[in-house]
$ cat structure-v9.cif   # mmCIF, C-alpha atoms and all ligand atoms
data_upload
#
loop_
_atom_site.label_atom_id
_atom_site.label_comp_id
_atom_site.auth_asym_id
_atom_site.auth_seq_id
_atom_site.Cartn_x
_atom_site.Cartn_y
_atom_site.Cartn_z
CA MET A 1 27.00 3.39 2.76
CA LYS A 2 23.51 4.21 4.09
CA THR A 3 21.65 2.08 6.63
CA VAL A 4 17.87 1.89 6.31
CA LEU A 5 15.41 0.47 8.85
CA ILE A 6 12.15 -0.93 7.46
CA THR A 7 9.13 -1.43 9.73
CA GLY A 8 6.28 -3.64 8.48
CA ALA A 9 9.02 -5.68 6.82
CA THR A 10 7.00 -8.85 6.21
CA GLY A 11 4.05 -7.01 4.63
CA ALA A 12 3.05 -6.60 0.99
CA ILE A 13 5.11 -3.43 0.61
CA GLY A 14 7.69 -3.79 3.38
CA ARG A 15 8.99 -7.15 2.18
CA ALA A 16 9.40 -5.94 -1.42
CA LEU A 17 11.10 -2.79 -0.16
CA VAL A 18 13.61 -4.76 1.92
CA LEU A 19 14.45 -6.95 -1.08
CA ASN A 20 14.67 -3.95 -3.42
CA LEU A 21 17.18 -2.19 -1.15
CA ALA A 22 19.16 -5.35 -0.38
CA ARG A 23 19.58 -6.02 -4.12
CA ARG A 24 21.14 -2.57 -4.39
CA ARG A 25 23.55 -3.47 -1.59
CA ILE A 26 22.06 -0.98 0.88
CA ARG A 27 22.44 -2.05 4.53
CA VAL A 28 18.92 -2.98 5.63
CA ARG A 29 17.47 -3.70 9.07
CA ALA A 30 14.01 -5.28 8.97
CA VAL A 31 11.43 -5.17 11.78
CA ALA A 32 8.14 -7.06 12.18
CA ARG A 33 6.79 -9.55 14.72
CA SER A 34 7.37 -12.76 12.80
CA ILE A 35 10.46 -12.62 10.59
CA GLN A 36 12.25 -15.90 9.95
CA SER A 37 15.85 -16.16 8.83
CA ARG A 38 14.77 -17.59 5.46
CA ASP A 39 12.64 -14.51 4.67
CA PHE A 40 15.50 -12.30 3.56
CA PRO A 41 18.98 -12.61 2.00
CA ALA A 42 21.89 -13.11 4.37
CA GLY A 43 22.96 -9.45 4.45
CA VAL A 44 19.66 -8.24 5.92
CA SER A 45 19.63 -8.00 9.70
CA TYR A 46 16.29 -8.29 11.45
CA LEU A 47 14.49 -7.86 14.75
CA ASN A 48 11.21 -9.42 15.79
CA ALA A 49 9.45 -6.77 17.85
CA ASP A 50 5.93 -5.56 18.59
CA LEU A 51 5.85 -1.83 17.82
CA SER A 52 3.04 -1.20 20.25
CA GLU A 53 6.13 -0.80 22.49
CA PRO A 54 8.39 1.23 20.18
CA GLU A 55 11.20 1.67 22.73
CA ILE A 56 12.23 -1.88 21.84
CA LEU A 57 13.62 -0.35 18.62
CA ALA A 58 16.29 1.51 20.61
CA GLN A 59 18.52 -1.55 20.18
CA VAL A 60 18.55 -1.26 16.38
CA LEU A 61 18.29 2.49 15.71
CA ASP A 62 21.93 3.46 16.23
CA GLY A 63 23.61 4.09 12.90
CA VAL A 64 20.33 4.19 10.98
CA ASP A 65 20.19 6.98 8.39
CA ALA A 66 16.63 6.54 7.15
CA LEU A 67 13.52 4.98 8.70
CA PHE A 68 10.49 3.64 6.83
CA VAL A 69 7.40 4.22 8.99
CA HIS A 70 4.65 1.73 8.19
CA PRO A 71 1.24 2.89 9.45
CA ARG A 72 -0.19 -0.57 10.07
CA ALA A 73 2.87 -1.70 12.00
CA VAL A 74 3.40 1.50 13.96
CA GLY A 75 -0.24 2.49 14.50
CA ALA A 76 -0.89 5.06 17.18
CA MET A 77 2.70 4.81 18.47
CA ALA A 78 4.05 6.93 15.60
CA PRO A 79 4.92 10.00 17.76
CA GLU A 80 6.90 7.86 20.22
CA LEU A 81 8.72 6.04 17.43
CA VAL A 82 9.60 9.25 15.63
CA ALA A 83 10.91 10.87 18.84
CA LEU A 84 13.05 7.80 19.49
CA ALA A 85 14.40 7.93 15.93
CA ALA A 86 15.39 11.59 16.37
CA GLU A 87 17.15 10.77 19.68
CA HIS A 88 19.17 8.07 17.93
CA GLY A 89 20.33 10.34 15.11
CA VAL A 90 18.07 9.10 12.31
CA GLN A 91 18.07 11.80 9.63
CA ARG A 92 15.25 10.88 7.33
CA LEU A 93 11.71 9.55 7.73
CA VAL A 94 9.59 8.09 4.94
CA ALA A 95 5.97 7.24 5.72
CA LEU A 96 3.62 5.09 3.70
CA SER A 97 0.13 6.58 3.62
CA ALA A 98 -3.04 6.52 1.56
CA LEU A 99 -4.77 8.89 -0.86
CA ASP A 100 -7.78 9.09 1.44
CA VAL A 101 -5.75 10.30 4.43
CA GLU A 102 -7.49 13.68 4.53
CA GLU A 103 -11.02 12.20 4.44
CA ASP A 104 -13.21 12.25 7.53
CA LEU A 105 -11.67 9.52 9.72
CA ALA A 106 -14.99 7.61 9.85
CA LEU A 107 -14.90 7.32 6.04
CA GLN A 108 -11.39 5.81 5.79
CA PRO A 109 -11.99 2.04 5.54
CA SER A 110 -8.47 1.03 6.53
CA ARG A 111 -8.70 2.72 9.93
CA PHE A 112 -11.04 -0.09 10.94
CA ILE A 113 -8.28 -2.62 10.37
CA GLY A 114 -5.78 -0.62 12.39
CA ASP A 115 -4.05 1.69 9.89
CA ARG A 116 -3.13 5.08 11.28
CA ASN A 117 -2.13 6.95 8.13
CA ARG A 118 -3.19 10.36 9.46
CA GLU A 119 -1.27 10.00 12.74
CA VAL A 120 1.84 8.73 10.96
CA GLU A 121 1.81 11.64 8.50
CA GLU A 122 1.43 14.09 11.38
CA ALA A 123 4.21 12.49 13.39
CA VAL A 124 6.79 12.47 10.59
CA SER A 125 5.93 15.95 9.28
CA ASN A 126 6.22 17.42 12.79
CA SER A 127 9.42 15.55 13.60
CA GLY A 128 11.93 18.26 12.70
CA LEU A 129 13.74 15.64 10.59
CA SER A 130 13.78 15.39 6.83
CA TRP A 131 10.51 13.64 5.86
CA VAL A 132 8.40 12.40 2.94
CA CYS A 133 4.89 10.91 2.97
CA ILE A 134 3.99 8.62 0.09
CA ARG A 135 0.24 8.47 -0.47
CA ALA A 136 -1.07 5.49 -2.43
CA PRO A 137 -4.42 4.53 -3.96
CA SER A 138 -5.45 0.85 -3.92
CA TYR A 139 -2.62 -1.48 -4.85
CA THR A 140 -3.17 -3.52 -8.02
CA SER A 141 -3.15 -6.65 -5.85
CA TYR A 142 -6.37 -5.45 -4.21
CA ILE A 143 -8.06 -6.54 -7.46
CA LEU A 144 -7.10 -10.12 -6.60
CA ASP A 145 -9.13 -9.88 -3.40
CA LEU A 146 -12.04 -8.22 -5.17
CA PHE A 147 -12.44 -10.30 -8.34
CA ALA A 148 -9.94 -13.17 -8.83
CA ALA A 149 -11.95 -15.88 -7.05
CA GLN A 150 -14.90 -15.29 -9.40
CA VAL A 151 -12.71 -15.27 -12.53
CA ARG A 152 -11.32 -18.66 -11.49
CA VAL A 153 -14.78 -20.24 -11.61
CA GLY A 154 -16.52 -18.54 -14.54
CA ASP A 155 -16.83 -15.64 -16.92
CA VAL A 156 -19.30 -13.50 -14.94
CA VAL A 157 -17.84 -11.18 -12.32
CA ARG A 158 -20.31 -9.65 -9.88
CA GLY A 159 -19.19 -6.51 -8.11
CA PRO A 160 -20.27 -3.11 -6.83
CA CYS A 161 -20.71 0.16 -8.78
CA ALA A 162 -19.59 -0.59 -12.36
CA THR A 163 -18.53 3.04 -12.89
CA PHE A 164 -16.51 3.51 -9.67
CA ALA A 165 -12.93 4.28 -10.75
CA GLU A 166 -9.46 4.34 -9.18
CA CYS A 167 -5.89 4.58 -10.51
CA PRO A 168 -4.49 1.42 -8.89
CA VAL A 169 -0.74 1.54 -8.33
CA HIS A 170 1.54 -1.35 -9.22
CA GLU A 171 3.30 -2.40 -6.02
CA ARG A 172 6.69 -2.37 -7.76
CA ASP A 173 6.23 1.32 -8.65
CA LEU A 174 5.30 2.13 -5.07
CA VAL A 175 8.37 0.29 -3.84
CA ASP A 176 10.60 2.05 -6.40
CA VAL A 177 9.39 5.44 -5.16
CA LEU A 178 9.72 4.48 -1.49
CA GLY A 179 13.26 3.24 -2.08
CA LEU A 180 14.17 6.52 -3.77
CA ALA A 181 12.58 8.56 -1.01
CA LEU A 182 14.61 6.66 1.59
CA LEU A 183 17.91 7.12 -0.21
CA ASP A 184 17.58 10.44 -2.03
CA GLY A 185 17.56 13.55 0.16
CA GLU A 186 16.24 15.63 -2.72
CA ILE A 187 12.65 14.48 -2.18
CA LYS A 188 11.78 16.10 1.11
CA GLY A 189 8.96 17.84 2.94
CA ARG A 190 6.40 16.50 0.45
CA ARG A 191 3.21 14.50 0.50
CA VAL A 192 3.58 12.63 -2.78
CA GLU A 193 0.56 11.03 -4.47
CA VAL A 194 1.82 7.95 -6.31
CA THR A 195 -0.81 6.40 -8.60
CA GLY A 196 -0.94 4.00 -11.49
CA PRO A 197 -0.93 5.44 -15.04
CA GLU A 198 -4.68 5.29 -15.70
CA SER A 199 -8.04 5.46 -13.99
CA LEU A 200 -10.08 2.28 -14.34
CA THR A 201 -13.68 1.62 -13.40
CA HIS A 202 -14.67 -1.75 -11.94
CA GLN A 203 -16.15 -2.54 -15.35
CA GLU A 204 -12.86 -1.62 -17.08
CA VAL A 205 -10.79 -3.62 -14.60
CA VAL A 206 -12.75 -6.73 -15.58
CA ASP A 207 -12.44 -5.83 -19.27
CA VAL A 208 -8.63 -5.58 -18.95
CA ILE A 209 -8.42 -8.89 -17.11
CA GLY A 210 -10.54 -10.54 -19.84
CA ALA A 211 -8.40 -9.05 -22.62
CA VAL A 212 -5.11 -10.12 -21.01
CA ILE A 213 -6.19 -13.67 -20.17
CA ALA A 214 -8.18 -13.95 -23.43
CA ARG A 215 -11.55 -14.82 -21.86
CA PRO A 216 -14.96 -13.21 -22.51
CA LEU A 217 -15.48 -11.86 -18.98
CA ARG A 218 -18.63 -9.91 -18.18
CA PHE A 219 -19.06 -7.52 -15.26
CA GLU A 220 -22.45 -7.59 -13.58
CA GLU A 221 -23.23 -4.86 -11.04
CA VAL A 222 -24.86 -5.94 -7.78
CA PRO A 223 -25.91 -3.62 -4.93
CA SER A 224 -22.97 -2.41 -2.85
CA GLY A 225 -24.73 -3.57 0.31
CA VAL A 226 -24.66 -7.16 -0.93
CA ILE A 227 -20.90 -6.96 -1.48
CA ALA A 228 -20.51 -5.35 1.95
CA SER A 229 -22.35 -8.28 3.58
CA GLN A 230 -20.01 -10.67 1.79
CA LEU A 231 -16.96 -8.77 3.05
CA VAL A 232 -18.29 -8.88 6.60
CA ALA A 233 -19.08 -12.61 6.27
CA GLY A 234 -15.45 -13.01 5.14
CA GLY A 235 -14.24 -11.49 8.41
CA LEU A 236 -13.86 -7.75 7.72
CA PRO A 237 -15.25 -5.29 10.28
CA THR A 238 -18.73 -3.88 9.59
CA LYS A 239 -17.43 -0.30 9.76
CA PHE A 240 -14.75 -1.11 7.20
CA ALA A 241 -17.39 -2.43 4.77
CA ALA A 242 -19.68 0.56 5.46
CA ALA A 243 -16.92 3.07 4.71
CA LEU A 244 -16.09 1.23 1.49
CA VAL A 245 -19.75 1.21 0.38
CA HIS A 246 -20.00 4.92 1.14
CA ARG A 247 -16.98 5.59 -1.11
CA TRP A 248 -18.21 3.37 -3.97
CA GLU A 249 -21.60 5.07 -3.99
CA ARG A 250 -20.38 8.63 -3.46
CA ASP A 251 -17.71 8.40 -6.19
CA ARG A 252 -19.55 6.19 -8.68
CA ASP A 253 -19.49 8.96 -11.32
CA ARG A 254 -16.11 10.48 -10.52
CA ARG A 255 -12.97 9.87 -12.63
CA PRO A 256 -9.81 10.36 -10.56
CA THR A 257 -6.75 11.74 -12.33
CA ALA A 258 -3.54 9.74 -12.47
CA THR A 259 -0.40 11.53 -11.27
CA GLU A 260 2.97 11.63 -13.05
CA GLU A 261 5.01 11.05 -9.89
CA VAL A 262 6.33 7.60 -10.84
CA LEU A 263 7.73 8.91 -14.11
CA GLN A 264 9.03 12.15 -12.64
CA LEU A 265 10.73 10.56 -9.65
CA THR A 266 12.00 7.25 -11.03
CA GLY A 267 12.43 8.14 -14.71
CA HIS A 268 10.39 5.13 -15.83
CA PRO A 269 6.67 5.22 -16.70
CA ALA A 270 4.20 3.83 -14.20
CA ARG A 271 3.46 0.17 -14.89
CA GLY A 272 0.02 -0.47 -16.39
CA PHE A 273 -2.67 -2.63 -14.83
CA ASN A 274 -2.49 -4.94 -17.88
CA GLU A 275 1.18 -5.61 -17.07
CA TRP A 276 0.24 -6.61 -13.52
CA VAL A 277 -2.55 -8.93 -14.76
CA ALA A 278 -0.19 -10.58 -17.26
CA ALA A 279 2.30 -11.28 -14.45
CA HIS A 280 -0.50 -12.74 -12.28
CA ALA A 281 -2.40 -14.60 -15.01
CA ALA A 282 -2.14 -17.86 -13.06
CA SER A 283 -4.22 -16.31 -10.26
CA PHE A 284 -7.08 -15.79 -12.74
CA ALA A 285 -6.88 -19.18 -14.48
CA LEU A 286 -9.98 -21.42 -14.42
CA SER A 287 -9.64 -23.83 -11.52
CA ASN A 288 -10.90 -26.92 -13.39
N1 LIG B 1 -3.81 -2.33 0.43
C1 LIG B 1 -4.01 -1.25 -0.30
O1 LIG B 1 -4.56 -1.29 -1.42
C2 LIG B 1 -3.51 0.09 0.22
C3 LIG B 1 -3.70 1.21 -0.54
C4 LIG B 1 -3.22 2.44 -0.09
C5 LIG B 1 -2.59 2.54 1.12
N2 LIG B 1 -2.43 1.43 1.87
C6 LIG B 1 -1.79 1.57 3.18
O2 LIG B 1 -0.67 0.70 3.23
C7 LIG B 1 -0.57 0.17 4.55
C8 LIG B 1 -0.65 -1.34 4.48
O3 LIG B 1 0.53 -1.78 3.87
P1 LIG B 1 0.79 -3.31 3.55
O4 LIG B 1 -0.18 -3.74 2.53
O5 LIG B 1 2.24 -3.46 3.31
O6 LIG B 1 0.40 -4.01 4.95
P2 LIG B 1 0.54 -5.54 5.36
O7 LIG B 1 0.88 -6.40 4.20
O8 LIG B 1 -0.66 -5.90 6.18
O9 LIG B 1 1.80 -5.53 6.33
C9 LIG B 1 1.72 -5.10 7.65
C10 LIG B 1 3.12 -5.24 8.27
O10 LIG B 1 3.12 -4.67 9.56
C11 LIG B 1 3.65 -5.62 10.51
N3 LIG B 1 2.99 -5.36 11.79
C12 LIG B 1 1.66 -5.30 12.03
N4 LIG B 1 1.43 -5.02 13.33
C13 LIG B 1 2.66 -4.89 13.91
C14 LIG B 1 3.09 -4.59 15.23
N5 LIG B 1 2.24 -4.40 16.25
N6 LIG B 1 4.43 -4.53 15.46
C15 LIG B 1 5.32 -4.74 14.47
N7 LIG B 1 4.97 -5.01 13.20
C16 LIG B 1 3.65 -5.10 12.92
C17 LIG B 1 3.28 -6.97 9.89
O11 LIG B 1 4.16 -8.00 10.29
P3 LIG B 1 3.89 -9.01 11.51
O12 LIG B 1 2.43 -9.38 11.47
O13 LIG B 1 4.85 -10.13 11.25
O14 LIG B 1 4.27 -8.23 12.70
C18 LIG B 1 3.57 -6.68 8.41
O15 LIG B 1 4.95 -6.77 8.17
C19 LIG B 1 -1.71 0.76 5.35
O16 LIG B 1 -1.30 1.90 6.03
C20 LIG B 1 -2.72 1.11 4.29
O17 LIG B 1 -3.62 2.11 4.69
C21 LIG B 1 -2.87 0.20 1.46
#
$ encode --input "structure-v9.cif" --output "structure tokens"
Amino acid sequence: MKTVLITGATGAIGRALVLNLARRRIRVRAVARSIQSRDFPAGVSYLNADLSEPEILAQVLDGVDALFVHPRAVGAMAPELVALAAEHGVQRLVALSALDVEEDLALQPSRFIGDRNREVEEAVSNSGLSWVCIRAPSYTSYILDLFAAQVRVGDVVRGPCATFAECPVHERDLVDVLGLALLDGEIKGRRVEVTGPESLTHQEVVDVIGAVIARPLRFEEVPSGVIASQLVAGGLPTKFAAALVHRWERDRDRRPTATEEVLQLTGHPARGFNEWVAAHAASFALSN
């Protein structure tokens, strides 16, 4: 039986990945800084460790077949972690990354909250081990952050660039592909772009939410700079907001194309955004 080590194990993707593998009776070791015993089923072993000092992982790498490299958890220490993994006989590396990884670094919003997608891709692809990088667009849950609070208090949703479109990926699809990549040696040496099944503009996102929760929602465009100021007031770094505004404005008339990777790799179609909204309808319900 394979043993898989998951970094970033308490995060949005890492936690679901640990549970997905554990359900399939794969031996899982989970690493983050704040795991509690109640977080995972009994069979999952875990280590609380700060990966800014990756050598701490030496104590749990023996016997590991595949390592999930999480770019927020590993950050700039990716080369050290990958070298350590090779020393300990790990055979396979799977990195989470983002669709914008090849953009100018100053234009990648997530770098300003610590993500090192580029460095992680470079480290795993230069490792000499079997590797896969899984590039994702925005997760569907990002829509919660962007619009849900407004939907809870009324039918008008104010946001940036009505025509800006993405193909948001359902987190379960991302986790299905990551799980496969960790267990199936056939997918190797690839940078795989895993998207949702359709491109949706901000306007269309709000239309889908309205249709699923049966409310007459209306999207109202406001200047991107106003939204950026709100993000900064909410605690996000100014450079993060600036990079996001740049993308919204630059791509406001561009329709990205969805990929077929979920279907081709897992055999099931990518889950639609409407399915995700239906499962999270309570998060959009009027609060009084
Ligand atoms: N959100 C999106 O829409 C989106 C879209 C495309 C790509 N991505 C990429 O996906 C990644 C984010 O994934 P996510 O949403 O799963 O992140 P997340 O929910 O923020 O999880 C981050 C994980 O990393 C752990 N961690 C952070 N610093 C650590 C450290 N120094 N040592 C050990 N563990 C540490 C955290 O646990 P502790 O705090 O307990 O240590 C947590 O388990 C980023 O690379 C991002 O660019 C995100």
$ residues_near_ligand --input "structure-v9.cif" --ligand "ligand LIG 1 (chain B)" --cutoff "7 Å" --atoms "all atoms listed in the file" --output "NGL selection string"
:A and (7-14 or 31-35 or 49-52 or 70-74 or 96-99 or 110 or 115-117 or 135-139 or 142)
$ closest_residue --input "structure-v9.cif" --among "A:Arg23, A:His88, A:Arg118, A:Lys188" --to "Asp104 (chain A)" --atoms "all atoms listed in the file"
A:Arg118
$ atom_distance --input "structure-v9.cif" --atom1 "CA of Ala123 (chain A)" --atom2 "CA of Ala242 (chain A)"
27.9 Å
$ atom_distance --input "structure-v9.cif" --atom1 "CA of Leu263 (chain A)" --atom2 "CA of Val194 (chain A)"
9.8 Å
$ closest_residue --input "structure-v9.cif" --among "A:Val175, A:Leu84, A:Ile209, A:Ile26" --to "Asp155 (chain A)" --atoms "all atoms listed in the file"
A:Ile209
